[in-house]
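A.B. asks: Below is one structure. I have some questions about it.
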Amino acid sequence: MRLIKNKKGQVRVIEAFFASMLLLGCLALIPAQVAPRSSTVNLVWKAQNVLFTLDSNGHLASLVDNRDWVSIKQIVESVLPLTTWFNLTVFDQSQNILNPFPISNAGVVSGNIVSYNYVCVSQSSTLAIYVLQLQLAVID
Amino acid sequence: MPASSFDTFFACTILVAAALVGTAFLVSTMQARIDGTQDINKGSYLKAIADHIITNPGSPIDWGISSTNPLDFGLAASESTAPYDLDVDKITRLSNLSNQSLSTFDLATSAKLNNIAFGISVSQIMTLAIEQTSNYTSGNEIFVNFTVSTVIDSKPASANLHCYVIAGGYVDTVNGSSSSSSGVSFIAVPVHGSSVDNALLLIFAQASFDDRITSYGVYNFADSMQETASSQRLPSPKDFTLNLPANISETLQNGYAFSYSAEQLLVYTHGVSQCRLPRLVDSSPLIIVMCGSDDGIPFEEWTAYPQVPLKTGVNFSDQEQNVFSYIVTINGVLYRLDLSLGDLPP
């Protein structure tokens, strides 16, 4: 009877319960702050390698000069693995999109998409500057 | 025992239990994060090594044309300002068909990777499959029909073909035909009836959308099959020079250099051990065919410059393999290079 009437300790139990809930809640949030996955980093490297190599001797810029979007799509597609989704967007100096249709090998993909911007200069007499934005993702 | 002490003991027990559970949870969570960070650090470290090899010319910068091993291993062309542009002679020295081939030990030593397994493979972007389908005789000539498939990464690719038939010391060019979007072409090759047993068919395929994607394939009529590697008797060229071994130079009669759009008769002096190769301007691998006669039996030996496809280094059959894949240019032609590195030492 005396135990039932004495309710001072219940506050401490509730405190302990809330403290433990707070502690567990904080710990549960830790995994959300993960570092970038290595596959994402690899895709950035891959985008950089592809654009640098394909534009050797200003080749990509000359294709953009000629608005040869089909050839650009084919060559990017040929050097990327089948399991890699890509979407290339070409901008001019004023950030206007130049390609009239998406330069891509598939529709929409789920998962992490990385983006890499590459600036190339036309070697023609017009001296145009283009920004090529290559987005990559791994198709599951 | 007073009720408040019991409650306090109960509360403390819950707190201690929560602390223990929380600590265990924290340890497992942090361990997973530490492992993840270590993986990223390892990946970045190995990628930096791979990048260094691909973008650095090494030391001495012209080790590809020297006969000594490099002090520092790097494959980039020394005179090039473009990244991922590799030196043809450095790539050629990786092949075991080169006179100055680098062994796996030499590779590890010069790359200073004594504790990390290391391997390199270089392949053509577009692969050719040559298959003989039928043949028929017309006069003194035999017409052999072939199906040629051009594939990029398992997908059919449209390409233009240039074919050369080398037989009995003569060369015949077959008009280039464009394969359809299915990647399949049909060609008919005429060969003299007397030369068909020692003839070679050399096919260059150039992607219709980019001339830097140019590949080659060689078909041997004697074996009725496509060859996967060049002749063992003919070493790889170095610095656009073919160094002929003594046992073959005496038997040679003439030689040719072929690219996608050009062929050239080599200036070759009988019995001389060296033969200069032309620097053909088109974006194409160079194939050298030497024709000769051995005890009255004609033969053709061929080699490629650069010596691609190639694979060198450690065999990763039963150990961790971290592959870094690059698209590179060698003499203006695009190739796929896979650089494999093993696990870091503990």
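Every chain in the structure tokens takes a letter, A first, then B, and so on in the order presented; its residues are numbered from 1, and the ligands are numbered from 1 following the presented order.
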Would you mind listing, as a VMD selection string, all residues of chain B that have at least one atom within 7 Å of chain A, where only C-alpha atoms are what counts?
C.D. replies: chain B and resid 3 to 4 7 to 8 11 14 to 15 18 22 26 29 40 82 to 84 152 to 153 209 to 210 326 to 328
A.B. asks: Let's see if you can do this: from backbone DSSP, list all strand (DSSP E or B) residues in chain A, as a ChimeraX atom specification.
C.D. replies: /A:84-91,97,103-104,114-121,129-138
A.B. asks: Can you measure CA of Ile213 in chain B to CA of Leu334 in chain B for me? One decimal in Å is fine.
C.D. replies: 5.6 Å
A.B. asks: What separation in Å, quoted to one decimal, exists between CA of Asp51 in chain B and CA of Ala76 in chain B?
C.D. replies: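 Between CA of Asp51 in chain B and CA of Ala76 in chain B the gap is 10.3 Å.
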A.B. asks: Extract, using only C-alpha atoms, all DNA, RNA and protein residues at most 9 Å from Ala108 in chain B, discarding same-chain residues fewer than 5 positions from it, and format them as an mmCIF file with C-alpha atoms, in the first residue's frame.
C.D. replies:
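Output contents, as saved in around-v1.cif:
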```cif
data_model
loop_
_atom_site.group_PDB
_atom_site.id
_atom_site.type_symbol
_atom_site.label_atom_id
_atom_site.label_comp_id
_atom_site.auth_asym_id
_atom_site.auth_seq_id
_atom_site.Cartn_x
_atom_site.Cartn_y
_atom_site.Cartn_z
ATOM 1 C CA PHE B 73 56.504 3.970 -64.661
ATOM 2 C CA SER B 103 58.107 -8.389 -67.130
ATOM 3 C CA LEU B 113 54.111 -1.150 -56.433
ATOM 4 C CA ASN B 114 55.955 -4.004 -54.763
ATOM 5 C CA ASN B 115 53.146 -4.579 -52.255
ATOM 6 C CA ILE B 116 50.161 -4.143 -54.570
ATOM 7 C CA ALA B 117 49.255 -6.531 -57.370
ATOM 8 C CA PHE B 118 49.215 -4.711 -60.699
ATOM 9 C CA GLY B 313 50.852 -8.059 -65.144
#
```
A.B. asks: One decimal, in Å: what's the spacing between CA of Asp343 in chain B and CA of Thr68 in chain B?
C.D. replies: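 Result for CA of Asp343 in chain B versus CA of Thr68 in chain B: 29.1 Å, one decimal.
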A.B. asks: Taking into account only C-alpha atoms, which residue in the set B:Trp302, B:Tyr335, B:Phe316, B:Tyr136 is nearest to Val218 in chain B?
C.D. replies: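 For Val218 in chain B, the nearest of the given residues is B:Trp302.
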A.B. asks: Tell me which protein, DNA and RNA residues are within 12 Å of Tyr256 in chain B, counting only C-alpha atoms, leaving out same-chain ones fewer than 4 positions away, and put them as a VMD selection string.
C.D. replies: chain B and resid 164 to 167 169 to 172 202 242 252 262 to 268 275 to 278 286 to 292 300 to 304
A.B. asks: Keeping only C-alpha atoms, write the selected residues as an mmCIF file, in the first residue's frame.
C.D. replies:
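Final file, selection-v1.cif:
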```cif
data_model
loop_
_atom_site.group_PDB
_atom_site.id
_atom_site.type_symbol
_atom_site.label_atom_id
_atom_site.label_comp_id
_atom_site.auth_asym_id
_atom_site.auth_seq_id
_atom_site.Cartn_x
_atom_site.Cartn_y
_atom_site.Cartn_z
ATOM 1 C CA TYR B 164 43.598 -6.242 -97.910
ATOM 2 C CA VAL B 165 44.540 -9.682 -99.160
ATOM 3 C CA ILE B 166 48.221 -10.510 -98.898
ATOM 4 C CA ALA B 167 49.271 -13.690 -100.661
ATOM 5 C CA GLY B 169 54.081 -11.508 -102.254
ATOM 6 C CA TYR B 170 51.244 -9.492 -103.746
ATOM 7 C CA VAL B 171 48.543 -7.312 -102.202
ATOM 8 C CA ASP B 172 44.984 -6.976 -103.359
ATOM 9 C CA LEU B 202 43.531 -8.013 -93.168
ATOM 10 C CA LEU B 242 61.080 -2.977 -87.197
ATOM 11 C CA LEU B 252 62.250 -12.119 -96.176
ATOM 12 C CA ALA B 262 46.697 3.489 -96.829
ATOM 13 C CA GLU B 263 49.146 0.783 -97.771
ATOM 14 C CA GLN B 264 52.825 1.251 -98.391
ATOM 15 C CA LEU B 265 55.568 -1.029 -99.607
ATOM 16 C CA LEU B 266 58.382 -1.032 -97.076
ATOM 17 C CA VAL B 267 61.850 -0.074 -98.156
ATOM 18 C CA TYR B 268 63.582 -3.253 -97.106
ATOM 19 C CA CYS B 275 63.349 -1.650 -91.499
ATOM 20 C CA ARG B 276 61.881 1.829 -91.109
ATOM 21 C CA LEU B 277 58.093 2.148 -90.977
ATOM 22 C CA PRO B 278 56.130 5.033 -92.497
ATOM 23 C CA LEU B 286 49.452 0.101 -88.210
ATOM 24 C CA ILE B 287 49.759 -3.502 -89.367
ATOM 25 C CA ILE B 288 53.073 -4.657 -90.798
ATOM 26 C CA VAL B 289 53.169 -7.760 -92.966
ATOM 27 C CA MET B 290 56.495 -9.257 -94.020
ATOM 28 C CA CYS B 291 56.488 -11.756 -96.867
ATOM 29 C CA GLY B 292 59.211 -14.290 -97.445
ATOM 30 C CA GLU B 300 53.543 -14.089 -94.289
ATOM 31 C CA GLU B 301 54.315 -12.810 -90.808
ATOM 32 C CA TRP B 302 52.481 -9.858 -89.349
ATOM 33 C CA THR B 303 52.643 -7.593 -86.342
ATOM 34 C CA ALA B 304 50.606 -4.671 -85.043
#
```
